[in-house]
Amino acid sequence: MSRPEYAVVVPTVGRNSLHRALAPLLEAPDAWAPTEIVVVDDRPGDALPPVVDHPRVRIVRGGGHGPAAARQAGWHSCRAEWIAFLDDDVHPPADWPERLCSDLSAADAATGGVQGRITVPRPPGRRPTDAERATLGLEGAPWITADMAYRRSALEAVGGFDTRFPRAYREDTDLALRVVDAGFSLRLGERECEHPLRPGRRWSSLGAQRGNADDTLMNAVHGRGWRDRVGEEPGGLRGHVLTTGLLTGAVLAALARRPVLAGTLGAGWLARTAAFALRRATAGPADPAEIVDMAVTSALIPPLACGHRIAGSVRHAGARRTPGVRAVLFDRDGTLIEDVPYNGDPDKVRPTAGAADAVALARRAGLAVGVVSNQSGIARGLLEPGQVEAVNRRVDELLGPFDVWRVCPHGEEDGCDCRKPRPGMVESAAAELGVAAAECAVVGDIGSDMAAARAAGARGVLVPTRLTREEERRASPETEPDPAAAVRRLVRGSAP
């Protein structure tokens with residue numbers, strides 16, 4: 001069996017379990033080893049110590065935008081045919097790489113994704129707690145990205161993950177449904193991966209209610225029948241609405257000095273709450289602390305669930321499917337305008353074929369547009385900053401206006417963070433636009449443009465010119481003949 005070309009993306013927030021998850025990948029023989037291992041460090045803040053230091057592991061900064069954005073940054077930076085997503089707290093067995101290769105080799109051309117089988121160990125000698133039961137639910141959950149491999153072409157077709165999902169919840173189901181809608185099939189593989197039993201924090205079920213807001217986004221994007229499509233049982237929101245309604249009615253009746261009605265409604269609320277608490281408590285280990293937890297949280301969960309659902313309905317009102325990118329950052333010379341070496345004359349500015357259409361198409365799709373440009377002629381003394389600004393103004397007049405401009409005036413020997421292939425300009429432009437770098441795409445004509453995108457976790461599309469080297473063409477995962485075709489490729493995932 002020949003080894004499929006695959007990369008592994010592991011998002012992390014710095015948990016100690018990361019090294020355990022990476023061990024089988026780092027120790028795999030060459031016959032089954034991934035072509036790339038990308039760890040997306042999603043801890044917020046700068047100047048953090050590295051989460052892992054290994055020559056076979058490439059680190060991409062996620063910026064603390066959540067697991068969907070982290071996974072987006074990870075696959076954007078890879079060029080393999082398959083992208084396997086692993087969580088940082090799973091325990092893949094030693095033969096996981098070989099078994100993944102077997103699963104991928106068995107996939108036909110119509111298969112867009114292959115899921116691994118998740119197993120969760122049971123607590124010894126007792127029933128699981130409420131938090132542990134939530135982890136046990138992962139065993140039967142379809143298409144979860146704890147261990148899920150997607151064909152890169154499927155991710156490109158739908159734009160990848162929807163970064164509007166801020167938590168590790170529903171972003172995987174959303175992606176799976178969009179991949180199926182794009183004409184791909186999904187299948188369950190034979191490999192297995194153990195997910196440790198999470199003990200959970202006390203009152204953790206209260207924080208879990210934030211997922212009700214994500215369900216409103218699922219309803220808006222996929223319709224209310226999406227649970228049936230993935231074989232998921234109906235949620236408990238209807239019951240929570242009834243319980244919350246009884247409590248609200250009892251309070252209002254009491255304020256209106258209608259004691260009989262208040263008592264009747266209050267008794268209904270108490271009965272439903274007690275039944276909810278009893279059902280949860282009897283499923284657990286009958287530990288006193290657990291029983292208290294169940295009693296308190298059973299009273300608080302219904303109004304919290306309703307509150308998050310209302311907040312989500314407001315936040316996602318009118319939501320629709322979006323492309324995987326929210327901003328397109330163009331290289332200037334050779335991509336937007338004809339490359340005139342060290343040009344400081346606005347009269348020599350000539351748009352490239354497709355440049356105007358590319359910018360217009362991005363704007364019609366609701367994407368922000370920007371320019372990221374190396375201008376080492378300033379450092380070399382061949383250009384004055386004012387000349388570069390004059391040329392940029394002319395580009396704005398002909399093709400813009402652009403939402404953000406970033407220019408690096410340094411030379412290669414200056415060691416700056418902004419000059420492509422480093423990611424500084426991409427990250428800075430994304431910050432000004434108010435998006436994550438993983439929500440951006442870079443369209444450029446040479447390898448340093450693609451390397452900057454890769455280092456930032458942005459998506460890169462190469463538009464070759466006569467100056468593009470053949471090895472740069474081969475190394476680019478996505479190539480289009482002109483800027484307009486590149487943008488069409490980026491926005492096609494927005495189609496319902």
# chains A, B, ... in the order shown; residues from 1 in each chain; ligands from 1
call {"tool": "residues_around", "arguments": {"residues": "Ala274 (chain A)", "least_positions_apart": "3", "cutoff": "8 Å", "atoms": "only C-alpha atoms", "output": "list in words"}}
result
Leu270, Ala271, Ala277, Leu278, Ala295 and Ser298 of chain A
call {"tool": "residues_around", "arguments": {"residues": "region 167-173 of chain A", "least_positions_apart": "5", "cutoff": "9 Å", "atoms": "only C-alpha atoms", "output": "VMD selection string"}}
result
chain A and resid 66 to 68 142 to 145 161 to 162 178 210 to 211 214 to 215 218 230
call {"tool": "residues_around", "arguments": {"residues": "Gly159 (chain A)", "least_positions_apart": "3", "cutoff": "10 Å", "atoms": "only C-alpha atoms", "output": "list in words"}}
result
Gln72, Ser153, Ala154, Leu155, Glu156, Asp162, Leu175, Arg178, Val179, Thr322, Pro323, Gly324, Val325, Glu439, Arg459, Arg489, Leu490, Val491, Arg492, Gly493 and Ser494 of chain A
call {"tool": "write_last_selection", "arguments": {"atoms": "all heavy atoms", "output": "compact mmCIF listing (two decimals), in the first residue's frame"}}
result
# COMPACT_ATOMS: atom_id res chain seq x y z
N GLN A 72 -8.46 26.39 10.97
CA GLN A 72 -8.42 27.08 9.68
C GLN A 72 -6.99 27.51 9.37
O GLN A 72 -6.51 27.33 8.25
CB GLN A 72 -9.36 28.29 9.73
CG GLN A 72 -9.61 28.95 8.40
CD GLN A 72 -10.68 28.24 7.58
OE1 GLN A 72 -10.85 27.04 7.68
NE2 GLN A 72 -11.41 29.00 6.79
N SER A 153 -9.09 19.38 -1.13
CA SER A 153 -9.98 19.93 -2.15
C SER A 153 -11.39 20.15 -1.59
O SER A 153 -12.09 21.08 -2.02
CB SER A 153 -10.03 19.00 -3.36
OG SER A 153 -10.48 17.70 -3.00
N ALA A 154 -11.82 19.31 -0.65
CA ALA A 154 -13.13 19.51 -0.03
C ALA A 154 -13.12 20.76 0.85
O ALA A 154 -14.08 21.53 0.86
CB ALA A 154 -13.51 18.28 0.79
N LEU A 155 -12.03 20.94 1.59
CA LEU A 155 -11.92 22.15 2.41
C LEU A 155 -11.90 23.39 1.55
O LEU A 155 -12.54 24.41 1.87
CB LEU A 155 -10.66 22.07 3.27
CG LEU A 155 -10.64 20.98 4.35
CD1 LEU A 155 -9.25 20.88 4.97
CD2 LEU A 155 -11.68 21.26 5.42
N GLU A 156 -11.17 23.34 0.45
CA GLU A 156 -11.13 24.49 -0.46
C GLU A 156 -12.51 24.79 -1.03
O GLU A 156 -12.91 25.95 -1.15
CB GLU A 156 -10.15 24.23 -1.59
CG GLU A 156 -8.69 24.19 -1.19
CD GLU A 156 -7.79 23.87 -2.36
OE1 GLU A 156 -8.27 23.90 -3.51
OE2 GLU A 156 -6.61 23.57 -2.13
N ASP A 162 -16.04 27.54 9.62
CA ASP A 162 -16.72 28.81 9.83
C ASP A 162 -16.24 29.37 11.18
O ASP A 162 -16.57 28.84 12.24
CB ASP A 162 -18.24 28.61 9.86
CG ASP A 162 -19.02 29.92 9.87
OD1 ASP A 162 -18.47 30.94 10.34
OD2 ASP A 162 -20.18 29.92 9.42
N LEU A 175 -19.10 22.09 9.32
CA LEU A 175 -18.19 21.80 8.22
C LEU A 175 -18.62 20.53 7.49
O LEU A 175 -18.66 20.48 6.25
CB LEU A 175 -16.76 21.66 8.73
CG LEU A 175 -15.72 21.23 7.70
CD1 LEU A 175 -15.65 22.23 6.55
CD2 LEU A 175 -14.36 21.06 8.35
N ARG A 178 -21.59 21.11 5.20
CA ARG A 178 -21.25 21.89 4.00
C ARG A 178 -20.44 21.05 3.01
O ARG A 178 -20.57 21.20 1.79
CB ARG A 178 -20.49 23.16 4.39
CG ARG A 178 -21.40 24.21 5.03
CD ARG A 178 -20.71 25.53 5.26
NE ARG A 178 -19.75 25.48 6.35
CZ ARG A 178 -18.45 25.61 6.24
NH1 ARG A 178 -17.91 25.80 5.04
NH2 ARG A 178 -17.65 25.55 7.30
N VAL A 179 -19.59 20.16 3.52
CA VAL A 179 -18.83 19.29 2.64
C VAL A 179 -19.77 18.33 1.91
O VAL A 179 -19.63 18.09 0.70
CB VAL A 179 -17.76 18.52 3.44
CG1 VAL A 179 -17.16 17.38 2.62
CG2 VAL A 179 -16.64 19.47 3.89
N THR A 322 -20.97 31.72 4.81
CA THR A 322 -19.94 32.67 4.44
C THR A 322 -18.74 31.93 3.87
O THR A 322 -18.53 30.76 4.17
CB THR A 322 -19.48 33.50 5.66
OG1 THR A 322 -18.88 32.60 6.61
CG2 THR A 322 -20.64 34.22 6.29
N PRO A 323 -17.94 32.61 3.05
CA PRO A 323 -16.71 31.97 2.60
C PRO A 323 -15.76 31.81 3.78
O PRO A 323 -15.93 32.42 4.82
CB PRO A 323 -16.16 32.97 1.57
CG PRO A 323 -16.74 34.28 1.96
CD PRO A 323 -18.10 33.97 2.54
N GLY A 324 -14.76 30.97 3.60
CA GLY A 324 -13.82 30.75 4.68
C GLY A 324 -12.90 31.91 4.94
O GLY A 324 -12.17 31.90 5.94
N VAL A 325 -12.87 32.89 4.06
CA VAL A 325 -12.03 34.07 4.29
C VAL A 325 -12.92 35.30 4.39
O VAL A 325 -13.99 35.37 3.79
CB VAL A 325 -10.98 34.26 3.16
CG1 VAL A 325 -10.01 33.10 3.12
CG2 VAL A 325 -11.65 34.44 1.81
N GLU A 439 -8.48 34.12 8.83
CA GLU A 439 -9.65 34.52 8.05
C GLU A 439 -9.25 35.34 6.83
O GLU A 439 -10.10 35.90 6.16
CB GLU A 439 -10.60 35.32 8.93
CG GLU A 439 -11.16 34.52 10.10
CD GLU A 439 -12.00 35.36 11.04
OE1 GLU A 439 -11.51 36.40 11.53
OE2 GLU A 439 -13.16 34.98 11.29
N ARG A 459 -4.69 31.77 4.08
CA ARG A 459 -4.77 30.96 2.86
C ARG A 459 -3.99 31.66 1.76
O ARG A 459 -4.05 32.90 1.64
CB ARG A 459 -6.23 30.79 2.46
CG ARG A 459 -6.47 29.78 1.34
CD ARG A 459 -7.96 29.53 1.19
NE ARG A 459 -8.25 28.74 0.00
CZ ARG A 459 -9.48 28.40 -0.37
NH1 ARG A 459 -10.52 28.77 0.35
NH2 ARG A 459 -9.67 27.67 -1.47
N ARG A 489 -12.04 31.58 -6.78
CA ARG A 489 -11.76 30.35 -6.04
C ARG A 489 -12.01 30.54 -4.54
O ARG A 489 -12.52 29.66 -3.86
CB ARG A 489 -10.31 29.94 -6.28
CG ARG A 489 -9.90 28.65 -5.58
CD ARG A 489 -8.50 28.24 -5.98
NE ARG A 489 -8.16 26.93 -5.49
CZ ARG A 489 -7.44 26.05 -6.15
NH1 ARG A 489 -6.96 26.34 -7.34
NH2 ARG A 489 -7.17 24.86 -5.63
N LEU A 490 -11.67 31.72 -4.03
CA LEU A 490 -11.80 31.98 -2.60
C LEU A 490 -13.24 32.15 -2.17
O LEU A 490 -13.62 31.79 -1.05
CB LEU A 490 -11.01 33.23 -2.23
CG LEU A 490 -9.49 33.11 -2.36
CD1 LEU A 490 -8.83 34.48 -2.20
CD2 LEU A 490 -8.93 32.14 -1.32
N VAL A 491 -14.07 32.69 -3.04
CA VAL A 491 -15.46 33.00 -2.63
C VAL A 491 -16.44 31.91 -2.98
O VAL A 491 -17.60 31.96 -2.57
CB VAL A 491 -15.96 34.33 -3.24
CG1 VAL A 491 -15.03 35.47 -2.86
CG2 VAL A 491 -16.10 34.24 -4.74
N ARG A 492 -16.03 30.87 -3.72
CA ARG A 492 -17.00 29.88 -4.16
C ARG A 492 -17.57 29.09 -2.99
O ARG A 492 -18.68 28.56 -3.10
CB ARG A 492 -16.37 28.93 -5.15
CG ARG A 492 -15.29 28.01 -4.58
CD ARG A 492 -14.72 27.10 -5.66
NE ARG A 492 -13.65 26.27 -5.12
CZ ARG A 492 -12.98 25.39 -5.85
NH1 ARG A 492 -13.28 25.24 -7.12
NH2 ARG A 492 -12.01 24.68 -5.30
N GLY A 493 -16.88 29.03 -1.85
CA GLY A 493 -17.42 28.32 -0.70
C GLY A 493 -18.59 28.99 -0.05
O GLY A 493 -19.22 28.44 0.86
N SER A 494 -18.96 30.20 -0.49
CA SER A 494 -20.10 30.90 0.11
C SER A 494 -21.43 30.47 -0.48
O SER A 494 -22.49 30.82 0.02
CB SER A 494 -19.95 32.42 -0.07
OG SER A 494 -19.94 32.75 -1.45
call {"tool": "residues_around", "arguments": {"residues": "Ala286 (chain A)", "least_positions_apart": "4", "cutoff": "9 Å", "atoms": "only C-alpha atoms", "output": "PyMOL selection string"}}
result
chain A and resi 127+129+281-282+290-291
call {"tool": "closest_atom_pairs", "arguments": {"of": "region 117-157 of chain A", "to": "region 75-98 of chain A", "cutoff": "9 Å", "atoms": "only C-alpha atoms", "output": "CSV"}}
result
residue,atom,partner,partner_atom,distance
A:Ile118,CA,A:Val90,CA,9.0
A:Thr145,CA,A:Phe85,CA,5.8
A:Ala146,CA,A:Asp87,CA,4.7
A:Asp147,CA,A:Leu86,CA,4.8
A:Met148,CA,A:Phe85,CA,5.3
A:Ala149,CA,A:Ala84,CA,3.9
A:Tyr150,CA,A:Ile83,CA,5.3
A:Arg151,CA,A:Trp82,CA,4.4
A:Arg152,CA,A:Trp82,CA,5.4
A:Ser153,CA,A:Glu81,CA,7.5
A:Leu155,CA,A:Trp75,CA,8.6
call {"tool": "select_by_dssp", "arguments": {"residues": "region 66-314 of chain A", "states": "helix (DSSP H, G or I)", "output": "PyMOL selection string"}}
result
chain A and resi 67-76+96-105+130-140+152-158+171-181+204-222+226-230+237-255+259-282+288-314
call {"tool": "select_by_dssp", "arguments": {"residues": "region 18-142 of chain A", "states": "strand (DSSP E)", "output": "list in words"}}
result
Glu36, Ile37, Val38, Val39, Val40, Asp41, Val57, Arg58, Ile59, Val60, Arg61, Trp82, Ile83, Ala84, Phe85, Leu86, Thr111, Gly112, Gly113, Val114, Gln115, Gly116, Arg117, Ile118 and Thr119 of chain A
call {"tool": "residues_around", "arguments": {"residues": "Ala456 (chain A)", "least_positions_apart": "4", "cutoff": "8 Å", "atoms": "only C-alpha atoms", "output": "PyMOL selection string"}}
result
chain A and resi 60-61+73+423-424+426-427+437-438+452
call {"tool": "residues_around", "arguments": {"residues": "Ala327 (chain A)", "least_positions_apart": "3", "cutoff": "7 Å", "atoms": "only C-alpha atoms", "output": "count of residues only"}}
result
6
call {"tool": "closest_residue", "arguments": {"among": "A:Arg320, A:Arg15, A:Arg406, A:Arg315", "to": "Ala430 (chain A)", "atoms": "only C-alpha atoms"}}
result
A:Arg406
call {"tool": "closest_residue", "arguments": {"among": "A:Thr264, A:Thr244, A:Thr297, A:Ser376", "to": "Arg202 (chain A)", "atoms": "only C-alpha atoms"}}
result
A:Thr297
call {"tool": "residues_around", "arguments": {"residues": "region 221-227 of chain A", "least_positions_apart": "5", "cutoff": "7 Å", "atoms": "only C-alpha atoms", "output": "PDB file with all heavy atoms, in the first residue's frame"}}
result
ATOM      1  N   GLU A 232     -28.755  13.234  15.123  1.00  0.00           N
ATOM      2  CA  GLU A 232     -28.667  13.686  16.513  1.00  0.00           C
ATOM      3  C   GLU A 232     -30.062  13.809  17.112  1.00  0.00           C
ATOM      4  O   GLU A 232     -30.993  14.299  16.471  1.00  0.00           O
ATOM      5  CB  GLU A 232     -27.940  15.029  16.580  1.00  0.00           C
ATOM      6  CG  GLU A 232     -27.756  15.558  17.995  1.00  0.00           C
ATOM      7  CD  GLU A 232     -26.948  16.838  18.037  1.00  0.00           C
ATOM      8  OE1 GLU A 232     -25.907  16.888  17.337  1.00  0.00           O
ATOM      9  OE2 GLU A 232     -27.345  17.774  18.742  1.00  0.00           O
ATOM     10  N   GLU A 233     -30.183  13.377  18.365  1.00  0.00           N
ATOM     11  CA  GLU A 233     -31.452  13.497  19.057  1.00  0.00           C
ATOM     12  C   GLU A 233     -31.796  14.971  19.287  1.00  0.00           C
ATOM     13  O   GLU A 233     -30.903  15.812  19.406  1.00  0.00           O
ATOM     14  CB  GLU A 233     -31.390  12.778  20.409  1.00  0.00           C
ATOM     15  CG  GLU A 233     -31.233  11.270  20.305  1.00  0.00           C
ATOM     16  CD  GLU A 233     -32.463  10.616  19.709  1.00  0.00           C
ATOM     17  OE1 GLU A 233     -33.582  11.119  19.944  1.00  0.00           O
ATOM     18  OE2 GLU A 233     -32.302   9.614  18.994  1.00  0.00           O
ATOM     19  N   PRO A 234     -33.098  15.309  19.339  1.00  0.00           N
ATOM     20  CA  PRO A 234     -33.472  16.704  19.626  1.00  0.00           C
ATOM     21  C   PRO A 234     -32.888  17.163  20.954  1.00  0.00           C
ATOM     22  O   PRO A 234     -32.749  16.375  21.896  1.00  0.00           O
ATOM     23  CB  PRO A 234     -35.005  16.648  19.684  1.00  0.00           C
ATOM     24  CG  PRO A 234     -35.373  15.425  18.913  1.00  0.00           C
ATOM     25  CD  PRO A 234     -34.267  14.441  19.127  1.00  0.00           C
ATOM     26  N   ALA A 319     -28.010  35.477   9.520  1.00  0.00           N
ATOM     27  CA  ALA A 319     -26.757  34.821   9.153  1.00  0.00           C
ATOM     28  C   ALA A 319     -26.956  33.922   7.942  1.00  0.00           C
ATOM     29  O   ALA A 319     -28.030  33.362   7.728  1.00  0.00           O
ATOM     30  CB  ALA A 319     -26.233  34.004  10.330  1.00  0.00           C
ATOM     31  N   ARG A 320     -25.934  33.801   7.144  1.00  0.00           N
ATOM     32  CA  ARG A 320     -25.949  32.912   5.989  1.00  0.00           C
ATOM     33  C   ARG A 320     -24.579  32.269   5.886  1.00  0.00           C
ATOM     34  O   ARG A 320     -23.665  32.596   6.640  1.00  0.00           O
ATOM     35  CB  ARG A 320     -26.265  33.677   4.706  1.00  0.00           C
ATOM     36  CG  ARG A 320     -25.248  34.770   4.378  1.00  0.00           C
ATOM     37  CD  ARG A 320     -25.602  35.504   3.104  1.00  0.00           C
ATOM     38  NE  ARG A 320     -24.624  36.520   2.761  1.00  0.00           N
ATOM     39  CZ  ARG A 320     -23.516  36.291   2.072  1.00  0.00           C
ATOM     40  NH1 ARG A 320     -23.245  35.066   1.657  1.00  0.00           N
ATOM     41  NH2 ARG A 320     -22.678  37.256   1.785  1.00  0.00           N
ATOM     42  N   ARG A 321     -24.455  31.372   4.957  1.00  0.00           N
ATOM     43  CA  ARG A 321     -23.153  30.757   4.755  1.00  0.00           C
ATOM     44  C   ARG A 321     -22.155  31.804   4.276  1.00  0.00           C
ATOM     45  O   ARG A 321     -22.481  32.657   3.456  1.00  0.00           O
ATOM     46  CB  ARG A 321     -23.247  29.623   3.734  1.00  0.00           C
ATOM     47  CG  ARG A 321     -24.092  28.467   4.226  1.00  0.00           C
ATOM     48  CD  ARG A 321     -23.947  27.259   3.336  1.00  0.00           C
ATOM     49  NE  ARG A 321     -24.853  26.206   3.776  1.00  0.00           N
ATOM     50  CZ  ARG A 321     -24.891  25.000   3.249  1.00  0.00           C
ATOM     51  NH1 ARG A 321     -24.092  24.690   2.248  1.00  0.00           N
ATOM     52  NH2 ARG A 321     -25.735  24.094   3.711  1.00  0.00           N
TER      53      ARG A 321
END
call {"tool": "atom_distance", "arguments": {"atom1": "CA of Cys101 (chain A)", "atom2": "CA of Leu26 (chain A)"}}
result
15.3 Å
